[in-house]
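So this block is my_file-v2.txt, compact mmCIF, C-alpha atoms:
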# COMPACT_ATOMS: atom_id res chain seq x y z
CA MET A 112 -25.82 92.55 47.08
CA ASN A 113 -27.69 91.72 50.28
CA GLY A 114 -31.44 91.92 50.81
CA ASN A 115 -31.34 95.23 52.69
CA ASP A 116 -29.32 96.91 49.95
CA LEU A 117 -31.66 95.69 47.24
CA GLU A 118 -34.77 96.65 49.19
CA SER A 119 -33.35 100.15 49.62
CA VAL A 120 -32.78 100.39 45.87
CA ILE A 121 -36.31 99.19 45.14
CA GLU A 122 -37.75 101.80 47.48
CA SER A 123 -35.71 104.56 45.86
CA VAL A 124 -36.93 103.50 42.41
CA GLN A 125 -40.52 103.39 43.59
CA ASP A 126 -40.15 106.83 45.17
CA TRP A 127 -38.50 108.22 42.06
CA ALA A 128 -40.36 111.28 40.85
CA GLY A 129 -40.72 109.94 37.33
CA PRO A 130 -39.08 110.06 33.91
CA GLN A 131 -36.26 112.50 33.35
CA SER A 132 -35.94 114.37 30.10
CA ASP A 133 -32.33 114.75 29.01
CA MET A 134 -32.92 117.39 26.38
CA GLY A 135 -35.27 120.33 26.25
CA HIS A 136 -36.26 120.18 22.59
CA GLU A 137 -39.49 121.37 21.04
CA SER A 138 -42.56 119.23 21.56
CA ASP A 139 -42.65 118.23 17.87
CA ALA A 140 -39.18 116.66 18.03
CA GLN A 141 -38.92 112.91 17.66
CA THR A 142 -38.88 111.22 21.06
CA ALA A 143 -36.88 108.22 22.21
CA LEU A 144 -37.10 106.39 25.50
CA VAL A 145 -33.86 105.02 26.94
CA VAL A 146 -34.50 102.22 29.43
CA SER A 147 -31.48 101.59 31.62
CA CYS A 148 -30.73 99.79 34.87
CA SER A 149 -31.25 101.86 38.00
CA MET A 150 -28.13 100.25 39.49
CA SER A 151 -25.86 101.20 36.61
CA SER A 152 -23.19 103.83 37.11
CA CYS A 153 -22.53 104.01 33.36
CA LYS A 154 -22.25 107.48 31.92
CA ARG A 155 -24.04 108.14 28.67
CA ARG A 156 -21.66 109.42 26.02
CA GLY A 157 -23.68 110.91 23.23
CA PRO A 158 -26.87 109.55 21.65
CA LEU A 159 -27.29 105.90 20.74
CA TRP A 160 -28.48 105.08 17.22
CA PRO A 161 -31.12 105.70 15.94
CA VAL A 162 -31.23 108.82 18.15
CA ASP A 163 -29.48 111.98 17.07
CA ALA A 164 -28.86 115.31 18.79
CA THR A 165 -32.17 116.80 17.60
CA TRP A 166 -34.34 114.21 19.34
CA ASN A 167 -36.07 114.49 22.67
CA VAL A 168 -34.62 111.75 24.89
CA VAL A 169 -36.41 110.57 28.03
CA SER A 170 -34.69 108.28 30.54
CA VAL A 171 -36.53 105.41 32.20
CA GLU A 172 -34.71 103.63 35.04
CA THR A 173 -35.83 100.17 36.16
CA LEU A 174 -34.21 97.36 38.11
CA GLY A 175 -32.22 95.31 35.62
CA ASN A 176 -33.46 97.49 32.72
CA GLN A 177 -36.78 95.62 32.74
CA THR A 178 -39.37 96.78 30.21
CA GLN A 179 -42.28 94.72 31.51
CA GLU A 180 -44.21 94.03 34.69
CA ARG A 181 -47.00 91.80 35.94
CA TYR A 182 -50.48 93.29 36.26
CA GLU A 183 -53.60 91.24 37.03
CA GLU A 184 -51.83 88.00 36.03
CA GLN A 185 -50.71 89.45 32.70
CA THR A 186 -47.33 90.66 31.47
CA VAL A 187 -47.63 94.25 30.30
CA PRO A 188 -45.20 97.05 29.38
CA ASP A 189 -43.62 98.88 32.30
CA SER A 190 -46.07 101.47 33.65
CA THR A 191 -43.63 104.35 33.14
CA ILE A 192 -43.20 103.41 29.49
CA GLU A 193 -46.96 103.24 29.06
CA HIS A 194 -47.41 106.60 30.75
CA LEU A 195 -44.81 108.23 28.49
CA ARG A 196 -46.53 106.80 25.43
CA THR A 197 -49.61 108.86 26.35
CA GLN A 198 -47.48 112.01 26.51
CA HIS A 199 -45.20 111.57 23.50
CA ASP A 200 -45.25 110.19 19.99
CA ILE A 201 -42.51 107.63 20.58
CA THR A 202 -40.21 106.96 17.63
CA ALA A 203 -37.77 104.59 19.31
CA VAL A 204 -37.14 102.74 22.55
CA ILE A 205 -33.57 101.81 23.45
CA VAL A 206 -32.81 99.24 26.14
CA VAL A 207 -29.35 99.51 27.68
CA GLY A 208 -27.94 96.74 29.85
CA HIS A 209 -24.50 96.51 31.42
CA THR A 210 -22.11 93.65 31.99
CA SER A 211 -21.58 94.27 35.72
CA CYS A 212 -25.28 94.19 36.58
CA GLU A 213 -25.69 93.49 40.30
CA VAL A 214 -29.43 93.09 39.87
CA LEU A 215 -28.98 90.24 37.40
CA GLU A 216 -26.29 88.79 39.64
CA ASP A 217 -28.76 88.81 42.53
CA ALA A 218 -31.49 87.24 40.36
CA TYR A 219 -29.04 84.51 39.38
CA GLU A 220 -28.14 83.81 43.01
CA ARG A 221 -31.83 83.63 43.94
CA TRP A 222 -32.48 81.20 41.09
CA VAL A 223 -29.57 78.96 42.14
CA ALA A 224 -30.36 79.17 45.86
CA PRO A 225 -33.86 80.55 46.56
CA ASP A 226 -34.14 82.56 49.77
CA ALA A 227 -37.50 81.94 51.40
CA GLU A 228 -36.94 84.85 53.81
CA SER A 229 -36.66 87.57 51.17
CA PRO A 230 -39.05 90.53 51.61
CA VAL A 231 -42.13 90.38 49.40
CA GLY A 232 -41.16 93.60 47.61
CA ILE A 233 -37.86 92.13 46.50
CA GLU A 234 -39.47 88.91 45.33
CA VAL A 235 -42.06 90.75 43.23
CA ARG A 236 -39.45 92.89 41.49
CA LEU A 237 -36.90 90.11 40.96
CA ASP A 238 -39.23 87.25 40.03
CA PRO A 239 -39.30 88.17 36.30
CA LEU A 240 -35.50 88.29 36.16
CA ARG A 241 -35.17 85.09 38.15
CA SER A 242 -37.50 83.42 35.64
CA LEU A 243 -35.39 84.87 32.84
CA VAL A 244 -32.30 83.24 34.37
CA GLY A 245 -34.12 79.91 34.35
CA GLU A 246 -35.07 80.37 30.69
CA ALA A 247 -31.44 81.15 29.83
CA PHE A 248 -30.37 77.84 31.35
CA GLU A 249 -33.17 75.96 29.57
CA GLU A 250 -32.11 77.43 26.22
CA GLY A 251 -28.44 76.66 26.81
CA VAL A 252 -27.46 80.32 26.84
CA VAL A 253 -25.65 79.67 30.11
CA THR A 254 -24.54 76.44 31.78
CA GLU A 255 -23.26 75.54 35.22
CA SER A 256 -19.86 74.68 33.71
CA LEU A 257 -19.21 78.27 32.64
CA PRO A 258 -17.23 80.66 34.87
CA LEU A 259 -19.49 82.92 36.93
CA GLN A 260 -18.32 86.10 35.19
CA THR A 261 -19.04 84.57 31.79
CA VAL A 262 -22.52 83.64 32.99
CA GLN A 263 -23.10 87.22 34.15
CA HIS A 264 -21.94 88.68 30.83
CA ARG A 265 -24.11 86.33 28.80
CA LEU A 266 -27.12 86.99 31.04
CA ALA A 267 -26.69 90.74 30.54
CA GLU A 268 -27.02 90.33 26.77
CA TYR A 269 -29.78 87.73 27.03
CA ASN A 270 -31.76 90.06 29.28
CA VAL A 271 -31.44 92.93 26.78
CA ARG A 272 -32.54 90.63 23.97
CA GLN A 273 -35.61 89.47 25.89
CA GLN A 274 -36.64 92.98 26.90
CA VAL A 275 -36.30 94.17 23.30
CA GLN A 276 -38.28 91.19 22.01
CA PHE A 277 -41.10 91.93 24.44
CA LEU A 278 -41.32 95.59 23.42
CA GLN A 279 -41.06 94.74 19.74
CA GLN A 280 -44.18 92.62 20.13
CA ALA A 281 -46.01 95.04 22.45
CA LEU A 282 -45.39 98.33 20.62
CA PRO A 283 -46.52 99.47 17.15
CA LEU A 284 -44.31 98.38 14.26
CA SER A 285 -43.50 102.04 13.60
CA VAL A 286 -41.43 102.14 16.84
CA THR A 287 -37.80 101.09 16.46
CA VAL A 288 -36.67 98.98 19.42
CA ALA A 289 -32.92 98.59 19.88
CA GLY A 290 -30.88 96.92 22.60
CA TYR A 291 -27.33 97.75 23.69
CA VAL A 292 -24.95 96.32 26.24
CA TYR A 293 -22.50 98.65 27.94
CA ASP A 294 -19.35 96.55 28.25
CA GLN A 295 -17.73 97.55 31.53
CA ASP A 296 -15.46 94.52 31.68
CA GLY A 297 -13.99 93.99 28.22
CA ALA A 298 -16.31 91.06 27.56
CA TYR A 299 -16.78 91.87 23.87
CA SER A 300 -13.24 93.02 23.07
CA SER A 301 -9.95 93.84 24.76
CA PHE A 302 -11.15 97.37 25.41
CA PRO A 303 -13.86 97.98 28.05
CA ASP A 304 -16.26 100.94 28.31
CA LYS A 305 -17.76 100.45 24.86
CA ARG A 306 -21.42 100.05 23.89
CA TYR A 307 -22.53 97.25 21.58
CA LEU A 308 -25.76 96.92 19.64
CA VAL A 309 -27.00 93.38 20.33
CA ALA A 310 -30.65 93.51 19.26
CA LEU A 311 -32.64 95.47 16.72
CA ASP A 312 -36.38 94.89 16.53
CA GLY A 313 -36.62 91.14 15.90
CA ALA A 314 -32.98 90.62 14.92
CA THR A 315 -30.15 89.43 17.16
CA ASP A 316 -27.70 88.01 14.61
CA PRO A 317 -24.91 90.59 14.11
CA THR A 318 -24.83 90.12 10.31
CA THR A 319 -28.57 90.68 10.05
CA ILE A 320 -28.40 93.73 12.30
CA ARG A 321 -25.56 95.30 10.30
CA ALA A 322 -27.58 94.84 7.10
CA ARG A 323 -30.38 96.93 8.61
CA LEU A 324 -28.16 99.85 9.62
CA PRO A 325 -27.52 102.94 7.50
CA ASP A 326 -24.41 102.64 5.34
CA ASP A 327 -22.78 105.59 7.08
CA ALA A 328 -23.57 104.40 10.62
CA SER A 329 -20.58 103.88 12.88
CA ILE A 330 -22.03 101.40 15.36
CA ARG A 331 -20.39 98.51 17.18
CA VAL A 332 -22.44 95.36 16.63
CA ALA A 333 -21.55 92.16 18.48
CA SER A 334 -22.91 89.20 20.39
CA LEU A 335 -21.67 86.80 23.04
CA LEU A 336 -24.53 84.41 22.29
CA THR A 337 -23.98 83.52 18.61
Would you put the structure from the file into structure tokens?
Amino acid sequence: MNGNDLESVIESVQDWAGPQSDMGHESDAQTALVVSCSMSSCKRRGPLWPVDATWNVVSVETLGNQTQERYEEQTVPDSTIEHLRTQHDITAVIVVGHTSCEVLEDAYERWVAPDAESPVGIEVRLDPLRSLVGEAFEEGVVTESLPLQTVQHRLAEYNVRQQVQFLQQALPLSVTVAGYVYDQDGAYSSFPDKRYLVALDGATDPTTIRARLPDDASIRVASLLT
């Protein structure tokens, strides 16, 4: 993705009218926020656990499914998420990443080869993800010896984990925070186009996550990082 394309996307996100409600349920219904990447073309196929068909679901689109932003030298929850918290009694927040994330790919390229000529708007929006790429290398989540596609897949999950961890610490304990990766490429199994639960509140180990799920839940749980 070149700078002009990304700047156009950023402008469209900033001009976006606001959160979109997917279901017109009564105001007393439980409400879930679904934070997804504004560059994703993934189609939602039914509710993601813990959401069911009776819940009010509100979509939040951000670049690279980010849940946080910088404000007065502090890292705070995304402003749209904070605004929705004043309007709804939030029961759950679900972060959905995707394996073919061009935003993460661009952040990776800018970490490997910084572009001093990038517009300020792009730098501001991508800086947190570029820092996240650096942290992934420091923690050994990705290495320069790995194939580029493998790096991208692992970064997609790492990003979801980090966004979930931030919200889990920032939101009340009563709010369930779950993270999924939409596998567009068959990274988690031989069959693409599946969604995998990779983080649940403070847990990222698949065995631990499965132990916290209802016995009758049919949910794919996996990880590329364990």
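If you look at atom CA of Asn270 of chain A and atom CA of Ala328 of chain A, they are 24.9 Å away from each other.
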Within 8 Å of segment 215-217 of chain A using only C-alpha atoms, minus same-chain residues under 6 positions, as a ChimeraX atom specification = /A:112,175,240,263,266-267
Once you have the residues from the selection above, write them out as a PDB file, keeping the file's coordinate frame, restricted to C-alpha atoms.
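That gives us result_15.pdb:
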ATOM      1  CA  MET A 112     -25.820  92.550  47.080  1.00  0.00           C
ATOM      2  CA  GLY A 175     -32.220  95.310  35.620  1.00  0.00           C
ATOM      3  CA  LEU A 240     -35.500  88.290  36.160  1.00  0.00           C
ATOM      4  CA  GLN A 263     -23.100  87.220  34.150  1.00  0.00           C
ATOM      5  CA  LEU A 266     -27.120  86.990  31.040  1.00  0.00           C
ATOM      6  CA  ALA A 267     -26.690  90.740  30.540  1.00  0.00           C
TER       7      ALA A 267
END
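Atom CA of Glu172 of chain A sits 8.3 Å away from atom CA of Val145 of chain A.
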Which residues, written as a PDB file with C-alpha atoms, in the coordinates of the input, have at least one atom at most 9 Å from Leu237 of chain A, with all atoms listed in the file counted and residues fewer than 2 positions away on the same chain left out?
ATOM      1  CA  LEU A 174     -34.210  97.360  38.110  1.00  0.00           C
ATOM      2  CA  GLY A 175     -32.220  95.310  35.620  1.00  0.00           C
ATOM      3  CA  VAL A 214     -29.430  93.090  39.870  1.00  0.00           C
ATOM      4  CA  LEU A 215     -28.980  90.240  37.400  1.00  0.00           C
ATOM      5  CA  ASP A 217     -28.760  88.810  42.530  1.00  0.00           C
ATOM      6  CA  ALA A 218     -31.490  87.240  40.360  1.00  0.00           C
ATOM      7  CA  ARG A 221     -31.830  83.630  43.940  1.00  0.00           C
ATOM      8  CA  GLY A 232     -41.160  93.600  47.610  1.00  0.00           C
ATOM      9  CA  ILE A 233     -37.860  92.130  46.500  1.00  0.00           C
ATOM     10  CA  GLU A 234     -39.470  88.910  45.330  1.00  0.00           C
ATOM     11  CA  VAL A 235     -42.060  90.750  43.230  1.00  0.00           C
ATOM     12  CA  PRO A 239     -39.300  88.170  36.300  1.00  0.00           C
ATOM     13  CA  LEU A 240     -35.500  88.290  36.160  1.00  0.00           C
ATOM     14  CA  ARG A 241     -35.170  85.090  38.150  1.00  0.00           C
ATOM     15  CA  SER A 242     -37.500  83.420  35.640  1.00  0.00           C
TER      16      SER A 242
END
Residue neighbourhood Gly245 of chain A, 9 Å, all atoms listed in the file, exclusion window fewer than 5 positions, as an MDAnalysis selection string | chainID A and resid 219 222 240 250
Taking N, CA and C atoms as the atom set, what does segment 176-193 of chain A look like once completed, written as a PDB file, keeping the file's coordinate frame?
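Wrote it out as result38.pdb, contents follow:
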ATOM      1  N   ASN A 176     -32.923  96.965  33.993  1.00  0.00           N
ATOM      2  CA  ASN A 176     -33.460  97.490  32.720  1.00  0.00           C
ATOM      3  C   ASN A 176     -34.652  96.673  32.203  1.00  0.00           C
ATOM      4  N   GLN A 177     -35.585  96.359  33.123  1.00  0.00           N
ATOM      5  CA  GLN A 177     -36.780  95.620  32.740  1.00  0.00           C
ATOM      6  C   GLN A 177     -37.762  96.542  32.008  1.00  0.00           C
ATOM      7  N   THR A 178     -38.402  96.008  30.986  1.00  0.00           N
ATOM      8  CA  THR A 178     -39.370  96.780  30.210  1.00  0.00           C
ATOM      9  C   THR A 178     -40.798  96.297  30.430  1.00  0.00           C
ATOM     10  N   GLN A 179     -40.964  95.326  31.321  1.00  0.00           N
ATOM     11  CA  GLN A 179     -42.280  94.720  31.510  1.00  0.00           C
ATOM     12  C   GLN A 179     -42.550  94.506  33.004  1.00  0.00           C
ATOM     13  N   GLU A 180     -43.815  94.311  33.314  1.00  0.00           N
ATOM     14  CA  GLU A 180     -44.210  94.030  34.690  1.00  0.00           C
ATOM     15  C   GLU A 180     -45.481  93.196  34.673  1.00  0.00           C
ATOM     16  N   ARG A 181     -45.800  92.616  35.817  1.00  0.00           N
ATOM     17  CA  ARG A 181     -47.000  91.800  35.940  1.00  0.00           C
ATOM     18  C   ARG A 181     -48.147  92.658  36.469  1.00  0.00           C
ATOM     19  N   TYR A 182     -49.305  92.547  35.822  1.00  0.00           N
ATOM     20  CA  TYR A 182     -50.480  93.290  36.260  1.00  0.00           C
ATOM     21  C   TYR A 182     -51.702  92.412  36.023  1.00  0.00           C
ATOM     22  N   GLU A 183     -52.404  92.079  37.103  1.00  0.00           N
ATOM     23  CA  GLU A 183     -53.600  91.240  37.030  1.00  0.00           C
ATOM     24  C   GLU A 183     -53.314  89.963  36.229  1.00  0.00           C
ATOM     25  N   GLU A 184     -52.220  89.290  36.615  1.00  0.00           N
ATOM     26  CA  GLU A 184     -51.830  88.000  36.030  1.00  0.00           C
ATOM     27  C   GLU A 184     -51.425  88.082  34.566  1.00  0.00           C
ATOM     28  N   GLN A 185     -51.173  89.288  34.070  1.00  0.00           N
ATOM     29  CA  GLN A 185     -50.710  89.450  32.700  1.00  0.00           C
ATOM     30  C   GLN A 185     -49.378  90.188  32.681  1.00  0.00           C
ATOM     31  N   THR A 186     -48.579  89.929  31.660  1.00  0.00           N
ATOM     32  CA  THR A 186     -47.330  90.660  31.470  1.00  0.00           C
ATOM     33  C   THR A 186     -47.596  91.836  30.553  1.00  0.00           C
ATOM     34  N   VAL A 187     -47.327  93.029  31.039  1.00  0.00           N
ATOM     35  CA  VAL A 187     -47.630  94.250  30.300  1.00  0.00           C
ATOM     36  C   VAL A 187     -46.387  95.141  30.278  1.00  0.00           C
ATOM     37  N   PRO A 188     -46.343  96.126  29.374  1.00  0.00           N
ATOM     38  CA  PRO A 188     -45.200  97.050  29.380  1.00  0.00           C
ATOM     39  C   PRO A 188     -45.092  97.787  30.706  1.00  0.00           C
ATOM     40  N   ASP A 189     -43.874  98.121  31.070  1.00  0.00           N
ATOM     41  CA  ASP A 189     -43.620  98.880  32.300  1.00  0.00           C
ATOM     42  C   ASP A 189     -44.536 100.099  32.344  1.00  0.00           C
ATOM     43  N   SER A 190     -45.069 100.403  33.519  1.00  0.00           N
ATOM     44  CA  SER A 190     -46.070 101.470  33.650  1.00  0.00           C
ATOM     45  C   SER A 190     -45.497 102.836  33.270  1.00  0.00           C
ATOM     46  N   THR A 191     -44.220 103.064  33.532  1.00  0.00           N
ATOM     47  CA  THR A 191     -43.630 104.350  33.140  1.00  0.00           C
ATOM     48  C   THR A 191     -43.566 104.472  31.626  1.00  0.00           C
ATOM     49  N   ILE A 192     -43.219 103.385  30.955  1.00  0.00           N
ATOM     50  CA  ILE A 192     -43.200 103.410  29.490  1.00  0.00           C
ATOM     51  C   ILE A 192     -44.590 103.678  28.949  1.00  0.00           C
ATOM     52  N   GLU A 193     -45.589 103.025  29.514  1.00  0.00           N
ATOM     53  CA  GLU A 193     -46.960 103.240  29.060  1.00  0.00           C
ATOM     54  C   GLU A 193     -47.408 104.673  29.303  1.00  0.00           C
TER      55      GLU A 193
END
